file coords-v8.cif (mmCIF, C-alpha atoms)
data_upload
loop_
_atom_site.label_atom_id
_atom_site.label_comp_id
_atom_site.auth_asym_id
_atom_site.auth_seq_id
_atom_site.Cartn_x
_atom_site.Cartn_y
_atom_site.Cartn_z
CA MET L 906 -204.48 8.93 -55.47
CA ARG L 907 -200.99 8.15 -54.17
CA THR L 908 -201.03 11.32 -52.05
CA LEU L 909 -204.30 10.23 -50.44
CA TYR L 910 -202.92 6.71 -49.95
CA THR L 911 -199.81 8.08 -48.22
CA LEU L 912 -201.89 10.44 -46.07
CA LEU L 913 -204.01 7.53 -44.86
CA TRP L 914 -200.84 5.64 -43.92
CA HIS L 915 -199.60 8.63 -41.93
CA LEU L 916 -202.91 8.89 -40.11
CA ALA L 917 -202.69 5.20 -39.23
CA LEU L 918 -199.08 5.28 -37.98
CA PRO L 919 -199.83 6.21 -34.32
CA PHE L 920 -202.16 3.21 -34.03
CA LEU L 921 -199.93 0.61 -35.65
CA PRO L 922 -197.85 -0.15 -32.50
CA LEU L 923 -201.12 -0.83 -30.69
CA ARG L 924 -202.14 -3.23 -33.43
CA LEU L 925 -198.77 -5.02 -33.16
CA TRP L 926 -199.15 -5.24 -29.40
CA TRP L 927 -202.65 -6.70 -29.79
CA ARG L 928 -201.47 -9.37 -32.23
CA ALA L 929 -198.47 -10.14 -30.02
CA ARG L 930 -200.77 -11.35 -27.26
CA ARG L 931 -201.03 -14.63 -29.15
CA GLU L 932 -198.05 -14.32 -31.51
CA PRO L 933 -195.13 -12.86 -29.52
CA GLY L 934 -193.07 -12.46 -32.68
CA TYR L 935 -194.96 -9.25 -33.43
CA ARG L 936 -193.20 -7.61 -30.47
CA GLU L 937 -189.77 -8.22 -31.94
CA HIS L 938 -187.81 -5.58 -33.88
CA ILE L 939 -190.75 -3.18 -34.11
CA GLY L 940 -188.44 -0.34 -35.17
CA GLU L 941 -187.76 -2.12 -38.46
CA ARG L 942 -191.35 -1.52 -39.54
CA PHE L 943 -190.61 2.21 -39.32
CA GLY L 944 -187.17 2.04 -40.98
CA ARG L 945 -185.12 1.99 -37.77
CA TYR L 946 -182.34 -0.59 -37.50
CA ASP L 947 -180.11 -1.63 -34.60
CA SER L 948 -177.71 -3.70 -36.69
CA SER L 949 -175.06 -2.54 -39.12
CA PRO L 950 -175.86 -2.59 -42.84
CA PRO L 951 -175.12 -5.96 -44.47
CA SER L 952 -172.20 -6.44 -46.80
CA PRO L 953 -172.98 -5.72 -50.44
CA PRO L 954 -174.14 -6.89 -52.86
CA VAL L 955 -177.59 -7.49 -51.40
CA VAL L 956 -180.29 -9.55 -53.11
CA TRP L 957 -183.62 -8.79 -51.50
CA VAL L 958 -186.44 -11.36 -51.44
CA HIS L 959 -189.80 -10.39 -49.95
CA ALA L 960 -192.00 -13.25 -48.71
CA VAL L 961 -194.94 -11.74 -46.88
CA SER L 962 -196.02 -14.75 -44.82
CA LEU L 963 -195.62 -18.48 -44.21
CA GLY L 964 -196.69 -19.78 -47.62
CA GLU L 965 -194.52 -17.35 -49.56
CA THR L 966 -191.55 -18.07 -47.28
CA ARG L 967 -191.81 -21.77 -48.02
CA ALA L 968 -192.29 -21.12 -51.73
CA ALA L 969 -189.14 -18.99 -51.77
CA ALA L 970 -186.93 -21.94 -50.76
CA PRO L 971 -185.95 -23.12 -54.27
CA LEU L 972 -185.23 -19.53 -55.33
CA ILE L 973 -183.14 -18.73 -52.24
CA GLU L 974 -181.11 -21.92 -52.71
CA ARG L 975 -180.28 -20.97 -56.28
CA ILE L 976 -179.31 -17.43 -55.32
CA ALA L 977 -177.08 -18.69 -52.50
CA ASN L 978 -175.36 -21.20 -54.78
CA ALA L 979 -174.90 -18.87 -57.74
CA TYR L 980 -173.81 -15.80 -55.76
CA PRO L 981 -171.98 -17.02 -52.65
CA SER L 982 -170.58 -13.59 -51.83
CA ALA L 983 -173.99 -11.89 -51.96
CA THR L 984 -176.09 -11.16 -48.89
CA ILE L 985 -179.64 -12.45 -49.15
CA LEU L 986 -182.09 -10.14 -47.40
CA LEU L 987 -185.41 -11.86 -46.59
CA THR L 988 -188.29 -9.65 -45.49
CA HIS L 989 -191.74 -10.49 -44.13
CA MET L 990 -194.90 -8.90 -42.82
CA THR L 991 -196.16 -11.71 -40.54
CA ALA L 992 -194.67 -13.38 -37.49
CA THR L 993 -195.31 -16.84 -38.93
CA GLY L 994 -193.40 -15.93 -42.08
CA ARG L 995 -190.43 -14.60 -40.13
CA ALA L 996 -190.35 -17.63 -37.84
CA ALA L 997 -190.45 -19.97 -40.84
CA GLY L 998 -187.60 -18.06 -42.49
CA ARG L 999 -185.50 -18.26 -39.34
CA ALA L 1000 -186.15 -22.01 -39.03
CA ALA L 1001 -185.41 -22.71 -42.69
CA TYR L 1002 -182.37 -20.51 -43.32
CA GLY L 1003 -180.88 -19.49 -39.97
CA ASP L 1004 -177.84 -17.27 -40.46
CA ARG L 1005 -177.72 -17.90 -44.21
CA VAL L 1006 -179.99 -14.90 -44.75
CA VAL L 1007 -180.48 -11.51 -43.12
CA GLN L 1008 -184.08 -11.08 -41.97
CA SER L 1009 -186.10 -7.94 -41.47
CA TRP L 1010 -189.68 -6.74 -41.42
CA LEU L 1011 -190.79 -4.98 -44.55
CA PRO L 1012 -191.33 -1.35 -43.53
CA TYR L 1013 -194.74 0.22 -43.55
CA ASP L 1014 -195.42 1.81 -46.93
CA VAL L 1015 -194.71 5.41 -45.98
CA PRO L 1016 -191.96 7.34 -47.78
CA PHE L 1017 -189.69 7.97 -44.77
CA ALA L 1018 -189.68 4.27 -43.79
CA VAL L 1019 -189.16 3.12 -47.36
CA ARG L 1020 -186.24 5.53 -47.83
CA ALA L 1021 -184.65 4.35 -44.58
CA PHE L 1022 -185.05 0.70 -45.61
CA LEU L 1023 -183.48 1.22 -49.02
CA SER L 1024 -180.69 3.40 -47.63
CA HIS L 1025 -179.83 0.92 -44.88
CA PHE L 1026 -179.80 -2.30 -46.91
CA LYS L 1027 -178.96 -0.84 -50.35
CA PRO L 1028 -180.35 -3.87 -52.22
CA ALA L 1029 -179.06 -4.32 -55.75
CA ILE L 1030 -182.28 -6.03 -56.81
CA GLY L 1031 -185.69 -6.77 -55.28
CA LEU L 1032 -187.79 -9.91 -55.80
CA LEU L 1033 -191.38 -9.72 -54.54
CA LEU L 1034 -193.18 -13.05 -54.28
CA GLU L 1035 -196.76 -13.51 -55.44
CA THR L 1036 -198.82 -10.27 -55.20
CA GLU L 1037 -197.01 -7.73 -53.06
CA LEU L 1038 -197.68 -4.31 -54.57
CA TRP L 1039 -196.73 -1.39 -52.33
CA PRO L 1040 -196.87 1.92 -54.23
CA ASN L 1041 -194.33 3.90 -52.19
CA LEU L 1042 -191.97 0.95 -52.01
CA VAL L 1043 -192.00 0.41 -55.77
CA ARG L 1044 -191.66 4.15 -56.37
CA GLY L 1045 -188.76 4.32 -53.89
CA ALA L 1046 -186.98 1.43 -55.57
CA ARG L 1047 -187.27 3.18 -58.91
CA ALA L 1048 -185.86 6.39 -57.40
CA HIS L 1049 -182.86 4.34 -56.18
CA ASP L 1050 -182.39 2.81 -59.67
CA MET L 1051 -183.05 -0.59 -58.18
CA PRO L 1052 -184.75 -3.13 -60.45
CA ILE L 1053 -187.70 -4.78 -58.77
CA TYR L 1054 -189.42 -7.93 -60.06
CA LEU L 1055 -192.70 -9.63 -59.19
CA VAL L 1056 -192.01 -13.38 -59.24
CA ASN L 1057 -194.22 -16.43 -58.76
CA ALA L 1058 -196.92 -13.85 -59.33
CA ARG L 1059 -200.58 -14.73 -58.99
CA LEU L 1060 -203.66 -12.55 -59.20
CA SER L 1061 -207.17 -13.93 -58.79
CA SER L 1062 -210.06 -12.44 -60.72
CA ARG L 1063 -211.43 -10.99 -57.48
CA SER L 1064 -208.13 -9.34 -56.60
CA ALA L 1065 -207.83 -8.02 -60.14
CA ALA L 1066 -211.25 -6.40 -59.82
CA ARG L 1067 -210.17 -4.65 -56.61
CA TYR L 1068 -206.94 -3.39 -58.18
CA ARG L 1069 -208.87 -2.23 -61.25
CA ARG L 1070 -210.94 0.08 -59.08
CA ALA L 1071 -207.73 1.95 -58.20
CA GLY L 1072 -207.29 2.71 -61.90
CA ALA L 1073 -204.25 4.80 -62.73
CA ALA L 1074 -202.64 4.16 -59.33
CA THR L 1075 -202.48 0.42 -60.00
CA ARG L 1076 -201.18 1.00 -63.52
CA GLU L 1077 -198.46 3.30 -62.18
CA VAL L 1078 -197.23 0.69 -59.69
CA LEU L 1079 -197.31 -2.24 -62.10
CA SER L 1080 -195.68 -0.32 -64.94
CA ALA L 1081 -192.78 0.59 -62.63
CA LEU L 1082 -191.86 -3.08 -62.17
CA SER L 1083 -188.79 -4.23 -64.06
CA GLY L 1084 -190.44 -7.53 -64.96
CA VAL L 1085 -193.00 -10.13 -63.94
CA ALA L 1086 -192.86 -13.92 -63.78
CA ALA L 1087 -196.41 -15.23 -63.44
CA GLN L 1088 -197.64 -18.63 -62.27
CA THR L 1089 -200.21 -19.15 -65.02
CA ASP L 1090 -201.41 -17.72 -68.31
CA ALA L 1091 -204.54 -16.43 -66.55
CA ASP L 1092 -202.45 -14.62 -63.93
CA ALA L 1093 -200.31 -13.12 -66.69
CA ALA L 1094 -203.34 -11.89 -68.64
CA ARG L 1095 -204.86 -10.20 -65.59
CA LEU L 1096 -201.56 -8.50 -64.72
CA VAL L 1097 -201.08 -7.19 -68.27
CA ASP L 1098 -204.64 -5.90 -68.29
CA LEU L 1099 -203.82 -3.84 -65.18
CA GLY L 1100 -200.65 -2.36 -66.67
CA ALA L 1101 -197.80 -4.77 -65.84
CA PRO L 1102 -194.94 -5.39 -68.26
CA PRO L 1103 -195.62 -8.49 -70.41
CA PRO L 1104 -194.95 -11.39 -68.02
CA VAL L 1105 -193.16 -14.64 -68.59
CA VAL L 1106 -195.13 -17.67 -67.34
CA THR L 1107 -192.91 -19.94 -65.24
CA GLY L 1108 -195.36 -21.97 -63.12
CA ASN L 1109 -195.86 -22.22 -59.37
CA LEU L 1110 -192.77 -22.50 -57.18
CA LYS L 1111 -194.79 -24.35 -54.54
CA PHE L 1112 -194.71 -27.45 -56.74
CA ASP L 1113 -190.90 -27.41 -56.44
CA VAL L 1114 -190.71 -27.19 -52.65
CA ALA L 1115 -189.17 -30.47 -51.51
CA VAL L 1116 -190.76 -32.36 -48.63
CA PRO L 1117 -188.03 -32.27 -45.97
CA ALA L 1118 -186.97 -35.52 -44.40
CA ALA L 1119 -187.69 -33.95 -41.00
CA ALA L 1120 -191.34 -33.40 -42.03
CA ARG L 1121 -191.71 -37.02 -43.07
CA THR L 1122 -190.15 -38.19 -39.80
CA LEU L 1123 -192.41 -35.92 -37.75
CA GLY L 1124 -195.41 -37.11 -39.77
CA ARG L 1125 -194.67 -40.71 -38.83
CA SER L 1126 -194.26 -39.69 -35.20
CA LEU L 1127 -197.60 -37.84 -35.23
CA ARG L 1128 -199.28 -40.86 -36.80
CA GLU L 1129 -198.05 -43.01 -33.95
CA ARG L 1130 -199.40 -40.52 -31.40
CA PHE L 1131 -202.73 -40.13 -33.16
CA GLY L 1132 -203.21 -43.88 -33.54
CA PRO L 1133 -201.62 -45.80 -36.44
CA ALA L 1134 -204.73 -47.90 -37.08
CA ARG L 1135 -207.26 -45.06 -36.84
CA PRO L 1136 -208.81 -43.46 -39.95
CA ILE L 1137 -207.62 -39.83 -39.86
CA LEU L 1138 -209.18 -36.80 -41.52
CA LEU L 1139 -207.10 -33.62 -41.49
CA ALA L 1140 -208.92 -30.28 -41.78
CA ALA L 1141 -205.99 -28.11 -42.82
CA SER L 1142 -205.78 -24.31 -42.62
CA THR L 1143 -209.38 -23.81 -41.54
CA ARG L 1144 -210.71 -20.29 -41.36
CA GLU L 1145 -213.15 -18.66 -38.96
CA GLY L 1146 -216.64 -20.15 -39.29
CA GLU L 1147 -215.47 -23.36 -40.97
CA GLU L 1148 -214.82 -25.28 -37.77
CA THR L 1149 -218.45 -24.79 -36.74
CA LEU L 1150 -219.63 -26.09 -40.12
CA LEU L 1151 -217.33 -29.11 -39.84
CA LEU L 1152 -218.38 -30.00 -36.31
CA ASP L 1153 -222.05 -29.65 -37.21
CA ALA L 1154 -221.58 -31.95 -40.21
CA ILE L 1155 -219.60 -34.53 -38.24
CA ALA L 1156 -222.45 -34.74 -35.73
CA LYS L 1157 -224.88 -35.74 -38.52
CA VAL L 1158 -222.92 -38.40 -40.41
CA ALA L 1159 -222.21 -42.05 -39.67
CA LEU L 1160 -218.42 -42.08 -39.40
CA PRO L 1161 -215.88 -44.88 -39.72
CA ASP L 1162 -215.13 -46.63 -36.45
CA ARG L 1163 -212.59 -44.73 -34.29
CA MET L 1164 -212.22 -41.95 -36.88
CA LEU L 1165 -210.02 -39.08 -35.71
CA THR L 1166 -210.44 -35.52 -37.01
CA VAL L 1167 -207.40 -33.25 -36.76
CA ILE L 1168 -208.27 -29.54 -37.09
CA VAL L 1169 -205.43 -27.11 -37.82
CA PRO L 1170 -206.61 -23.46 -37.93
CA ARG L 1171 -204.92 -21.26 -40.50
CA HIS L 1172 -204.09 -18.51 -38.02
CA PRO L 1173 -202.39 -19.29 -34.70
CA GLN L 1174 -204.28 -16.52 -32.89
CA ARG L 1175 -207.40 -18.67 -33.34
CA PHE L 1176 -206.06 -21.81 -31.63
CA ASP L 1177 -207.67 -20.96 -28.29
CA ALA L 1178 -210.95 -19.91 -29.91
CA VAL L 1179 -211.26 -23.26 -31.69
CA ALA L 1180 -210.40 -25.07 -28.45
CA GLU L 1181 -213.19 -23.16 -26.71
CA LEU L 1182 -215.59 -24.03 -29.52
CA MET L 1183 -214.97 -27.76 -29.02
CA ARG L 1184 -215.07 -27.41 -25.25
CA ALA L 1185 -218.44 -25.65 -25.41
CA ARG L 1186 -219.83 -28.57 -27.41
CA GLY L 1187 -218.62 -31.06 -24.83
CA LEU L 1188 -216.19 -32.68 -27.26
CA ALA L 1189 -213.17 -34.50 -25.91
CA PHE L 1190 -210.08 -33.35 -27.77
CA ALA L 1191 -206.31 -33.39 -27.47
CA ARG L 1192 -203.93 -30.60 -28.40
CA ARG L 1193 -200.86 -31.16 -30.55
CA SER L 1194 -198.90 -29.03 -28.10
CA ASP L 1195 -199.55 -31.62 -25.36
CA ASP L 1196 -197.06 -33.81 -27.26
CA SER L 1197 -198.63 -37.03 -26.00
CA ALA L 1198 -200.52 -40.02 -27.39
CA VAL L 1199 -204.18 -39.47 -28.21
CA ALA L 1200 -206.53 -41.68 -26.21
CA ALA L 1201 -208.68 -44.09 -28.20
CA ASP L 1202 -211.90 -42.43 -27.00
CA VAL L 1203 -210.81 -38.95 -28.14
CA ALA L 1204 -212.20 -38.10 -31.58
CA PHE L 1205 -210.55 -34.70 -32.18
CA VAL L 1206 -207.09 -33.18 -32.16
CA LEU L 1207 -206.44 -29.44 -32.27
CA GLY L 1208 -203.32 -28.81 -34.32
CA ASP L 1209 -202.01 -25.85 -32.36
CA SER L 1210 -198.51 -25.71 -33.82
CA LEU L 1211 -196.75 -23.75 -36.56
CA GLY L 1212 -194.73 -24.92 -39.53
CA GLU L 1213 -195.87 -28.55 -39.35
CA MET L 1214 -198.51 -28.73 -42.08
CA LEU L 1215 -196.54 -31.17 -44.23
CA ALA L 1216 -196.15 -33.43 -41.19
CA TYR L 1217 -199.88 -33.23 -40.45
CA CYS L 1218 -200.58 -34.17 -44.07
CA GLN L 1219 -198.15 -37.05 -43.84
CA ALA L 1220 -199.96 -38.32 -40.72
CA ALA L 1221 -203.45 -38.17 -42.28
CA ASP L 1222 -205.38 -40.49 -44.61
CA VAL L 1223 -207.56 -37.78 -46.18
CA VAL L 1224 -207.04 -34.00 -46.17
CA PHE L 1225 -209.56 -31.20 -46.47
CA VAL L 1226 -208.03 -27.85 -47.47
CA GLY L 1227 -209.68 -24.99 -45.59
CA GLY L 1228 -210.74 -21.53 -46.60
CA SER L 1229 -212.88 -23.16 -49.30
CA LEU L 1230 -216.20 -23.87 -47.54
CA LEU L 1231 -216.83 -20.16 -47.18
CA PRO L 1232 -216.14 -17.52 -49.88
CA LEU L 1233 -212.55 -16.94 -48.75
CA GLY L 1234 -210.76 -18.30 -51.80
CA GLY L 1235 -209.20 -21.44 -50.35
CA GLN L 1236 -205.70 -22.24 -49.17
CA ASN L 1237 -202.83 -24.00 -50.89
CA LEU L 1238 -203.65 -27.63 -51.77
CA ILE L 1239 -200.16 -28.47 -53.05
CA GLU L 1240 -198.84 -29.65 -49.68
CA PRO L 1241 -201.21 -32.61 -49.23
CA ILE L 1242 -200.84 -33.49 -52.90
CA ALA L 1243 -197.05 -33.44 -52.55
CA VAL L 1244 -197.24 -36.28 -50.01
CA GLY L 1245 -199.88 -38.19 -51.96
CA ARG L 1246 -202.88 -37.59 -49.76
CA PRO L 1247 -206.43 -37.67 -51.19
CA THR L 1248 -207.50 -34.04 -51.05
CA LEU L 1249 -210.96 -32.48 -50.68
CA VAL L 1250 -211.82 -28.83 -51.31
CA GLY L 1251 -214.99 -26.80 -50.98
CA PRO L 1252 -216.66 -24.67 -53.66
CA HIS L 1253 -214.60 -21.49 -53.08
CA THR L 1254 -211.05 -21.87 -54.43
CA PHE L 1255 -210.51 -18.67 -56.41
CA ASN L 1256 -207.16 -17.96 -54.72
CA PHE L 1257 -205.72 -21.13 -56.28
CA ALA L 1258 -208.22 -21.59 -59.09
CA GLU L 1259 -206.04 -23.09 -61.81
CA ALA L 1260 -204.03 -25.43 -59.56
CA THR L 1261 -207.25 -26.65 -57.91
CA ASP L 1262 -209.14 -27.16 -61.16
CA LYS L 1263 -206.26 -29.10 -62.67
CA ALA L 1264 -205.87 -31.23 -59.54
CA VAL L 1265 -209.58 -32.08 -59.65
CA ASP L 1266 -209.39 -32.91 -63.36
CA ALA L 1267 -206.40 -35.17 -62.69
CA GLY L 1268 -208.21 -37.09 -59.96
CA ALA L 1269 -205.79 -35.83 -57.30
CA ALA L 1270 -208.50 -33.81 -55.54
CA ARG L 1271 -212.28 -33.73 -55.27
CA ARG L 1272 -214.57 -30.76 -54.88
CA VAL L 1273 -217.55 -30.87 -52.50
CA ARG L 1274 -220.48 -28.47 -52.33
CA ASP L 1275 -220.62 -27.93 -48.55
CA ALA L 1276 -219.54 -29.23 -45.14
CA ASP L 1277 -222.12 -32.05 -45.09
CA ALA L 1278 -220.94 -33.31 -48.46
CA LEU L 1279 -217.34 -32.96 -47.27
CA ILE L 1280 -217.82 -35.28 -44.30
CA VAL L 1281 -219.79 -37.78 -46.39
CA ALA L 1282 -216.99 -37.82 -48.99
CA ALA L 1283 -214.26 -38.08 -46.34
CA ALA L 1284 -216.03 -40.95 -44.58
CA ALA L 1285 -216.42 -42.80 -47.88
CA LEU L 1286 -212.75 -42.37 -48.74
CA LEU L 1287 -211.62 -43.43 -45.29
CA ALA L 1288 -213.60 -46.65 -45.74
CA ASP L 1289 -212.31 -47.35 -49.27
CA ASP L 1290 -208.65 -48.35 -49.52
CA ALA L 1291 -208.75 -48.69 -53.32
CA ALA L 1292 -210.19 -45.19 -53.83
CA ARG L 1293 -207.53 -43.67 -51.56
CA THR L 1294 -204.78 -45.52 -53.40
CA ALA L 1295 -206.05 -44.25 -56.75
CA MET L 1296 -206.14 -40.67 -55.49
CA ARG L 1297 -202.70 -41.05 -53.92
CA ASP L 1298 -201.20 -42.22 -57.22
CA ALA L 1299 -202.98 -39.43 -59.10
CA ALA L 1300 -201.74 -36.84 -56.58
CA LEU L 1301 -198.11 -37.91 -56.83
CA ALA L 1302 -198.27 -38.00 -60.63
CA PHE L 1303 -199.93 -34.58 -60.75
CA HIS L 1304 -197.30 -33.09 -58.44
CA ALA L 1305 -194.44 -34.53 -60.47
CA ALA L 1306 -195.95 -33.30 -63.75
CA HIS L 1307 -196.15 -29.69 -62.51
CA GLY L 1308 -192.60 -29.39 -61.21
CA GLY L 1309 -189.89 -27.36 -62.88
CA ALA L 1310 -191.12 -23.85 -62.06
CA ALA L 1311 -187.91 -23.07 -60.17
CA ASP L 1312 -185.77 -24.00 -63.17
CA ARG L 1313 -187.91 -21.94 -65.55
CA LEU L 1314 -187.90 -18.96 -63.21
CA TRP L 1315 -184.15 -19.18 -62.68
CA ALA L 1316 -183.44 -19.35 -66.42
CA TRP L 1317 -185.32 -16.06 -66.81
CA LEU L 1318 -184.19 -14.41 -63.59
CA ALA L 1319 -180.49 -15.31 -63.33
CA PRO L 1320 -179.34 -12.95 -66.14
CA ARG L 1321 -181.31 -10.15 -64.52
CA ILE L 1322 -179.72 -10.76 -61.13
CA ASP L 1323 -176.33 -10.94 -62.80
CA ALA L 1324 -176.90 -7.62 -64.53
CA ALA L 1325 -178.03 -6.00 -61.26
CA LEU L 1326 -175.08 -7.33 -59.29
CA SER L 1327 -172.34 -6.98 -61.87
CA PRO L 1328 -171.58 -3.29 -61.15
CA ARG L 1329 -171.45 -4.07 -57.43
CA ALA L 1330 -169.97 -7.56 -57.18
CA SER L 1331 -166.57 -8.71 -58.28
CA ALA L 1332 -166.44 -11.41 -60.92
CA SER L 1333 -164.76 -13.74 -58.45
CA GLY L 1334 -167.76 -13.52 -56.16
CA ARG L 1335 -170.16 -14.93 -58.74
CA ALA L 1336 -170.55 -18.49 -59.88
CA HIS L 1337 -172.85 -19.74 -62.58
CA GLY L 1338 -174.37 -23.14 -62.46
#
call {"tool": "encode", "arguments": {"input": "coords-v8.cif", "output": "structure tokens"}}
result
Amino acid sequence: MRTLYTLLWHLALPFLPLRLWWRARREPGYREHIGERFGRYDSSPPSPPVVWVHAVSLGETRAAAPLIERIANAYPSATILLTHMTATGRAAGRAAYGDRVVQSWLPYDVPFAVRAFLSHFKPAIGLLLETELWPNLVRGARAHDMPIYLVNARLSSRSAARYRRAGAATREVLSALSGVAAQTDADAARLVDLGAPPPVVTGNLKFDVAVPAAARTLGRSLRERFGPARPILLAASTREGEETLLLDAIAKVALPDRMLTVIVPRHPQRFDAVAELMRARGLAFARRSDDSAVAADVAFVLGDSLGEMLAYCQAADVVFVGGSLLPLGGQNLIEPIAVGRPTLVGPHTFNFAEATDKAVDAGAARRVRDADALIVAAAALLADDAARTAMRDAALAFHAAHGGAADRLWAWLAPRIDAALSPRASASGRAHG
């Protein structure tokens, strides 16, 4: 199975630069440092010891913040290597950490690129966030005697079913991990069933990501531009097909006076497509990138910016979390809850099933059956100050109650990092706190 997998990667290699070029039309970051994806590096190797953290995209990069801070504080002489697969993830890492970390693309999962990556950076330990299982990478790490851990791990029932179809190949990859820290008991059970070492359950790091002061300040600024007295619904991280459903529903429902709907597509390459969708319907809309006040007769804003979701949430009165109207699994609802915003989700939330179910049970979020019900619920909340206040209080209490994942993860992980670094780092270069 692994031989076939590797063969398919080799067959795809000639076409991958074309794919990067295609994606770079709308996200120029994909043109940068392309050689790194094939294990070719222009820079000198970083100073050892190297602690490697892999955060595939934007959400994982944000979630890594509490972990990276603890590594930096506990091991000041270590180099933190942060790898990504997406341009949004790499941009977020650069904005958050600057020169405090070394950044690189994760190489494509072919043996020659994996060997080059491991030989160049020589990481003492690898920490893969959430569900990043690359067979040749894990096998290569084991060949280099490098411990590799899956942390903040989550695995939906749908993803587990797909991995199960790979049978022995999945079991081989998971059994090669040095350890697993799962978000929930359900995630842990699914991982064990597929062959992972018995996980420790530490919770979800995303509950421990602090809301930066800059995000709160930008949120207030956006609110002023959108209209401080206007009722504002944010449709956050919408996926393809959902904007059409939302616009259709909005056209049917009696809305609060001067209501503004802010639509922020999940993927930046879709910004122009969503703009064209609104333009084709004859809807007046403003773009966030215009950086100007929204006229009172404009009912829509296209959130065509990256890394500002917390600020958008701060600027809104009610938030809908996208990816949940269609069977896509939903996006992360922790960000609006972290700033106390009443949160609505659709019926499809299997990517964040436990967090969503608990938020609904706590009164911090509400589930709706479809787009029509979503707009009806949003309109009712926007017209009901008391209901919004109750959901705000429930959201803040729910967020506070689920914190502490970073501390639990660090208590489990710190001795393992120490053991990995101790043969390579001098005692004077390590601090424990």
call {"tool": "residues_near_point", "arguments": {"input": "coords-v8.cif", "point": "(-201.4, -34.6, -61.4)", "cutoff": "8 Å", "atoms": "all atoms listed in the file", "output": "PyMOL selection string"}}
result
chain L and resi 1263-1264+1267-1269+1299-1307
call {"tool": "atom_distance", "arguments": {"input": "coords-v8.cif", "atom1": "CA of Ser1194 in chain L", "atom2": "CA of Pro1133 in chain L"}}
result
18.9 Å
call {"tool": "closest_residue", "arguments": {"input": "coords-v8.cif", "among": "L:Val1199, L:Phe1255, L:Trp927, L:Leu1287", "to": "Arg1128 in chain L", "atoms": "all atoms listed in the file"}}
result
L:Val1199
call {"tool": "residues_around", "arguments": {"input": "coords-v8.cif", "residues": "Val1114 in chain L", "least_positions_apart": "3", "cutoff": "12 Å", "atoms": "all atoms listed in the file", "output": "list of chain:residue names"}}
result
L:Gly964, L:Glu965, L:Thr966, L:Arg967, L:Ala968, L:Ala969, L:Ala970, L:Pro971, L:Leu972, L:Ile973, L:Glu974, L:Asn1109, L:Leu1110, L:Lys1111, L:Pro1117, L:Leu1215, L:Ile1239, L:Glu1240, L:Ile1242, L:Ala1243, L:Val1244, L:His1304, L:Ala1305, L:His1307, L:Gly1308, L:Gly1309, L:Ala1310, L:Ala1311
call {"tool": "residues_near_point", "arguments": {"input": "coords-v8.cif", "point": "(-217.0, -21.9, -48.7)", "cutoff": "7 Å", "atoms": "only C-alpha atoms", "output": "list in words"}}
result
Gly1228, Ser1229, Leu1230, Leu1231, Pro1232, Leu1233, Gly1251, Pro1252 and His1253 of chain L
call {"tool": "closest_residue", "arguments": {"input": "coords-v8.cif", "among": "L:Trp1039, L:Tyr1217, L:Phe1190, L:Phe1022", "to": "Leu1123 in chain L", "atoms": "all atoms listed in the file"}}
result
L:Tyr1217
call {"tool": "atom_distance", "arguments": {"input": "coords-v8.cif", "atom1": "CA of Tyr1013 in chain L", "atom2": "CA of His915 in chain L"}}
result
9.8 Å
call {"tool": "atom_distance", "arguments": {"input": "coords-v8.cif", "atom1": "CA of Pro981 in chain L", "atom2": "CA of Thr993 in chain L"}}
result
27.1 Å
call {"tool": "resolve_selection", "arguments": {"input": "coords-v8.cif", "expression": "the PyMOL selection byres ((chain L and resi 1162-1164) around 9)", "output": "PyMOL selection string"}}
result
chain L and resi 1134-1138+1160-1161+1165-1166+1201-1205+1284+1287
call {"tool": "write_last_selection", "arguments": {"input": "coords-v8.cif", "atoms": "C-alpha atoms", "output": "short mmCIF file (atom, residue, chain, number, x, y, z; two decimals), in the coordinates of the input"}}
result
data_model
loop_
_atom_site.label_atom_id
_atom_site.label_comp_id
_atom_site.auth_asym_id
_atom_site.auth_seq_id
_atom_site.Cartn_x
_atom_site.Cartn_y
_atom_site.Cartn_z
CA ALA L 1134 -204.73 -47.90 -37.08
CA ARG L 1135 -207.26 -45.06 -36.84
CA PRO L 1136 -208.81 -43.46 -39.95
CA ILE L 1137 -207.62 -39.83 -39.86
CA LEU L 1138 -209.18 -36.80 -41.52
CA LEU L 1160 -218.42 -42.08 -39.40
CA PRO L 1161 -215.88 -44.88 -39.72
CA LEU L 1165 -210.02 -39.08 -35.71
CA THR L 1166 -210.44 -35.52 -37.01
CA ALA L 1201 -208.68 -44.09 -28.20
CA ASP L 1202 -211.90 -42.43 -27.00
CA VAL L 1203 -210.81 -38.95 -28.14
CA ALA L 1204 -212.20 -38.10 -31.58
CA PHE L 1205 -210.55 -34.70 -32.18
CA ALA L 1284 -216.03 -40.95 -44.58
CA LEU L 1287 -211.62 -43.43 -45.29
#
call {"tool": "residues_around", "arguments": {"input": "coords-v8.cif", "residues": "Asp1090 in chain L", "least_positions_apart": "2", "cutoff": "12 Å", "atoms": "only C-alpha atoms", "output": "list in words"}}
result
Ala1058, Arg1059, Leu1060, Ser1061, Ala1086, Ala1087, Gln1088, Asp1092, Ala1093, Ala1094, Arg1095, Leu1096, Val1097, Pro1103, Pro1104, Val1105, Val1106, Thr1107, Gly1108, Asn1109, Glu1259 and Ala1260 of chain L
call {"tool": "closest_residue", "arguments": {"input": "coords-v8.cif", "among": "L:Leu1099, L:Ala1091, L:Leu909, L:Leu1082", "to": "Ala1066 in chain L", "atoms": "all atoms listed in the file"}}
result
L:Leu1099
call {"tool": "closest_residue", "arguments": {"input": "coords-v8.cif", "among": "L:Gln1174, L:Ser1009, L:Ser1210, L:Asn1057", "to": "His938 in chain L", "atoms": "only C-alpha atoms"}}
result
L:Ser1009
